[in-house]
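Note: the block below is run-v2.pdb and it holds PDB, C-alpha atoms.
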ATOM      1  CA  MET K   1      49.603  22.419  42.802
ATOM      2  CA  PRO K   2      47.339  19.364  42.198
ATOM      3  CA  GLU K   3      48.447  15.938  43.370
ATOM      4  CA  PRO K   4      49.847  13.595  40.715
ATOM      5  CA  LYS K   5      47.183  11.162  39.508
ATOM      6  CA  GLU K   6      48.968   8.162  41.023
ATOM      7  CA  LYS K   7      48.857   9.796  44.509
ATOM      8  CA  GLN K   8      45.180  10.809  44.399
ATOM      9  CA  LEU K   9      42.547   9.022  46.434
ATOM     10  CA  ARG K  10      40.636   6.488  44.325
ATOM     11  CA  ALA K  11      37.310   4.807  44.975
ATOM     12  CA  VAL K  12      35.046   2.351  43.198
ATOM     13  CA  ALA K  13      31.451   1.524  44.119
ATOM     14  CA  LEU K  14      30.036  -1.847  43.132
ATOM     15  CA  LYS K  15      26.453  -3.051  43.047
ATOM     16  CA  PHE K  16      25.251  -6.611  43.228
ATOM     17  CA  LYS K  17      21.785  -8.004  43.856
ATOM     18  CA  LEU K  18      21.775 -11.695  44.676
ATOM     19  CA  GLY K  19      19.424 -13.583  42.405
ATOM     20  CA  GLN K  20      19.164 -10.644  40.030
ATOM     21  CA  ASP K  21      22.693  -9.823  38.840
ATOM     22  CA  GLU K  22      25.008 -12.399  37.292
ATOM     23  CA  ALA K  23      28.079 -10.534  38.538
ATOM     24  CA  PRO K  24      28.871  -7.353  40.470
ATOM     25  CA  GLN K  25      28.813  -4.202  38.342
ATOM     26  CA  VAL K  26      30.684  -0.913  38.624
ATOM     27  CA  LEU K  27      28.275   1.696  39.941
ATOM     28  CA  ALA K  28      30.761   4.577  40.242
ATOM     29  CA  THR K  29      34.475   5.189  40.003
ATOM     30  CA  GLY K  30      36.580   8.250  40.588
ATOM     31  CA  ARG K  31      39.748   9.970  41.769
ATOM     32  CA  GLY K  32      40.372  12.920  44.059
ATOM     33  CA  LYS K  33      37.207  14.884  44.831
ATOM     34  CA  VAL K  34      35.004  12.372  42.985
ATOM     35  CA  ALA K  35      36.469   9.543  45.105
ATOM     36  CA  GLU K  36      35.847  11.614  48.244
ATOM     37  CA  LYS K  37      32.198  12.050  47.193
ATOM     38  CA  ILE K  38      31.812   8.301  46.549
ATOM     39  CA  LEU K  39      33.157   7.556  50.043
ATOM     40  CA  GLU K  40      31.049  10.299  51.645
ATOM     41  CA  THR K  41      27.896   8.944  49.988
ATOM     42  CA  ALA K  42      28.709   5.405  51.156
ATOM     43  CA  ARG K  43      29.232   6.600  54.734
ATOM     44  CA  GLU K  44      25.958   8.579  54.675
ATOM     45  CA  LYS K  45      24.077   5.494  53.487
ATOM     46  CA  GLY K  46      25.767   3.202  56.020
ATOM     47  CA  ILE K  47      27.526   1.168  53.343
ATOM     48  CA  PRO K  48      30.612  -0.617  54.700
ATOM     49  CA  LEU K  49      33.909   0.472  53.162
ATOM     50  CA  TYR K  50      36.589  -1.994  52.145
ATOM     51  CA  GLU K  51      40.120  -0.879  51.363
ATOM     52  CA  ASP K  52      42.158  -2.698  48.725
ATOM     53  CA  PRO K  53      44.250  -0.330  46.560
ATOM     54  CA  GLU K  54      45.210  -3.035  44.058
ATOM     55  CA  LEU K  55      41.589  -4.070  43.511
ATOM     56  CA  VAL K  56      40.511  -0.419  43.175
ATOM     57  CA  GLU K  57      43.231   0.074  40.564
ATOM     58  CA  ILE K  58      41.860  -2.807  38.493
ATOM     59  CA  LEU K  59      38.166  -1.988  38.996
ATOM     60  CA  SER K  60      38.664   1.695  38.184
ATOM     61  CA  GLN K  61      39.588   0.680  34.644
ATOM     62  CA  LEU K  62      36.066  -0.666  34.070
ATOM     63  CA  ASN K  63      33.229   1.499  32.756
ATOM     64  CA  MET K  64      30.176   2.374  34.819
ATOM     65  CA  GLY K  65      27.592  -0.382  34.465
ATOM     66  CA  GLU K  66      30.201  -2.908  33.339
ATOM     67  CA  SER K  67      30.201  -6.290  35.089
ATOM     68  CA  ILE K  68      33.413  -7.571  36.586
ATOM     69  CA  SER K  69      35.205 -10.348  34.738
ATOM     70  CA  PRO K  70      35.391 -13.913  36.116
ATOM     71  CA  GLU K  71      39.084 -13.350  36.912
ATOM     72  CA  LEU K  72      37.990 -10.847  39.579
ATOM     73  CA  TYR K  73      35.278 -13.007  41.182
ATOM     74  CA  GLN K  74      37.460 -14.276  44.043
ATOM     75  CA  ALA K  75      38.772 -10.818  44.951
ATOM     76  CA  VAL K  76      35.308  -9.274  44.848
ATOM     77  CA  ALA K  77      33.861 -12.251  46.755
ATOM     78  CA  GLU K  78      36.166 -11.311  49.642
ATOM     79  CA  VAL K  79      34.629  -7.820  49.603
ATOM     80  CA  LEU K  80      31.093  -9.238  49.557
ATOM     81  CA  ILE K  81      31.901 -11.563  52.479
ATOM     82  CA  PHE K  82      33.257  -8.580  54.428
ATOM     83  CA  ILE K  83      30.080  -6.575  53.737
ATOM     84  CA  TYR K  84      27.868  -9.525  54.655
ATOM     85  CA  LYS K  85      29.664  -9.935  57.971
ATOM     86  CA  MET K  86      29.471  -6.212  58.692
ATOM     87  CA  ASN K  87      25.727  -6.258  58.005
ATOM     88  CA  MET K  88      25.262  -9.295  60.249
ATOM     89  CA  LYS K  89      27.229  -7.543  62.993
ATOM     90  CA  LYS K  90      24.964  -4.476  62.686
ATOM     91  CA  MET K  91      21.936  -6.718  63.107
ATOM     92  CA  GLY K  92      23.533  -8.358  66.164
ATOM     93  CA  LYS K  93      23.647 -11.795  64.590
ATOM     94  CA  ILE K  94      27.376 -12.383  65.012
ATOM     95  CA  PRO K  95      29.637 -11.028  67.773
ATOM     96  CA  GLN K  96      32.147  -9.375  65.435
ATOM     97  CA  ALA K  97      33.188  -9.220  61.801
ATOM     98  CA  THR K  98      36.234 -11.321  61.107
ATOM     99  CA  ILE K  99      37.996 -11.155  57.778
ATOM    100  CA  ILE K 100      39.716 -14.344  56.695
ATOM    101  CA  PRO K 101      41.656 -13.736  53.471
ATOM    102  CA  LEU K 102      41.368 -16.428  50.849
ATOM    103  CA  PRO K 103      44.635 -17.830  49.515
ATOM    104  CA  LYS K 104      45.865 -15.999  46.420
ATOM    105  CA  ARG K 105      46.178 -18.052  43.285
TER
END

Serialized structure, structure tokens:
Amino acid sequence: MPEPKEKQLRAVALKFKLGQDEAPQVLATGRGKVAEKILETAREKGIPLYEDPELVEILSQLNMGESISPELYQAVAEVLIFIYKMNMKKMGKIPQATIIPLPKR
């Protein structure tokens, strides 16, 4: 028996190129086996994973190629900061990645 949709694993992949993109865009979104494939691909490519079920819920409602809305900038900025710190850690430029959550508005 398949899992109910609300219990299935969900994943969203974003892309953002500083100086090229105005805002992050949805690259891929999926549930169940598609979500597993998104995560597997990210791991294979060494892309850091960030877990935030509420943000995934919101982002999964966007279409592929769609830019995030300004209301989501702060939440997605936290993800980008996390990824930046993870990349710096990989390059040995900071001793460890520390996540400092921004206050919610």

Set the distance at 8 Å and use all atoms listed in the file: which residues neighbour stretch 57-73 of chain K once local chain neighbours fewer than 2 positions away are removed? I'd like the list as a PyMOL selection string. chain K and resi 10-12+23-30+53-55+75-77

Rank K:Ala13, K:Glu78, K:Gly19, K:Arg31 by their smallest atom-to-atom distance to K:Leu49, using all atoms listed in the file, and report the top residue only.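 Among K:Ala13, K:Glu78, K:Gly19, K:Arg31, it is K:Ala13 that comes nearest to K:Leu49.
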
Closest of K:Ile47, K:Met91, K:Met86, K:Leu80 to K:Lys17 - atom-to-atom distances counting only C-alpha atoms: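 Ranked by minimum distance to K:Lys17, first place goes to K:Leu80.
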
Excluding same-chain residues fewer than 2 positions from K:Leu9, what lies within 9 Å of it counting only C-alpha atoms, as a ChimeraX atom specification? /K:5-7,11,30-36

In Å, rounded to a single decimal, give me how far atom CA of K:Ile38 is from atom CA of K:Lys90.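 About the pair atom CA of K:Lys90 and atom CA of K:Ile38: they are 21.7 Å apart.
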
For atom CA of K:Phe82 and atom CA of K:Val56, determine how far apart the two atoms are, in Å to one decimal place.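 Atom CA of K:Phe82 sits 15.7 Å away from atom CA of K:Val56.
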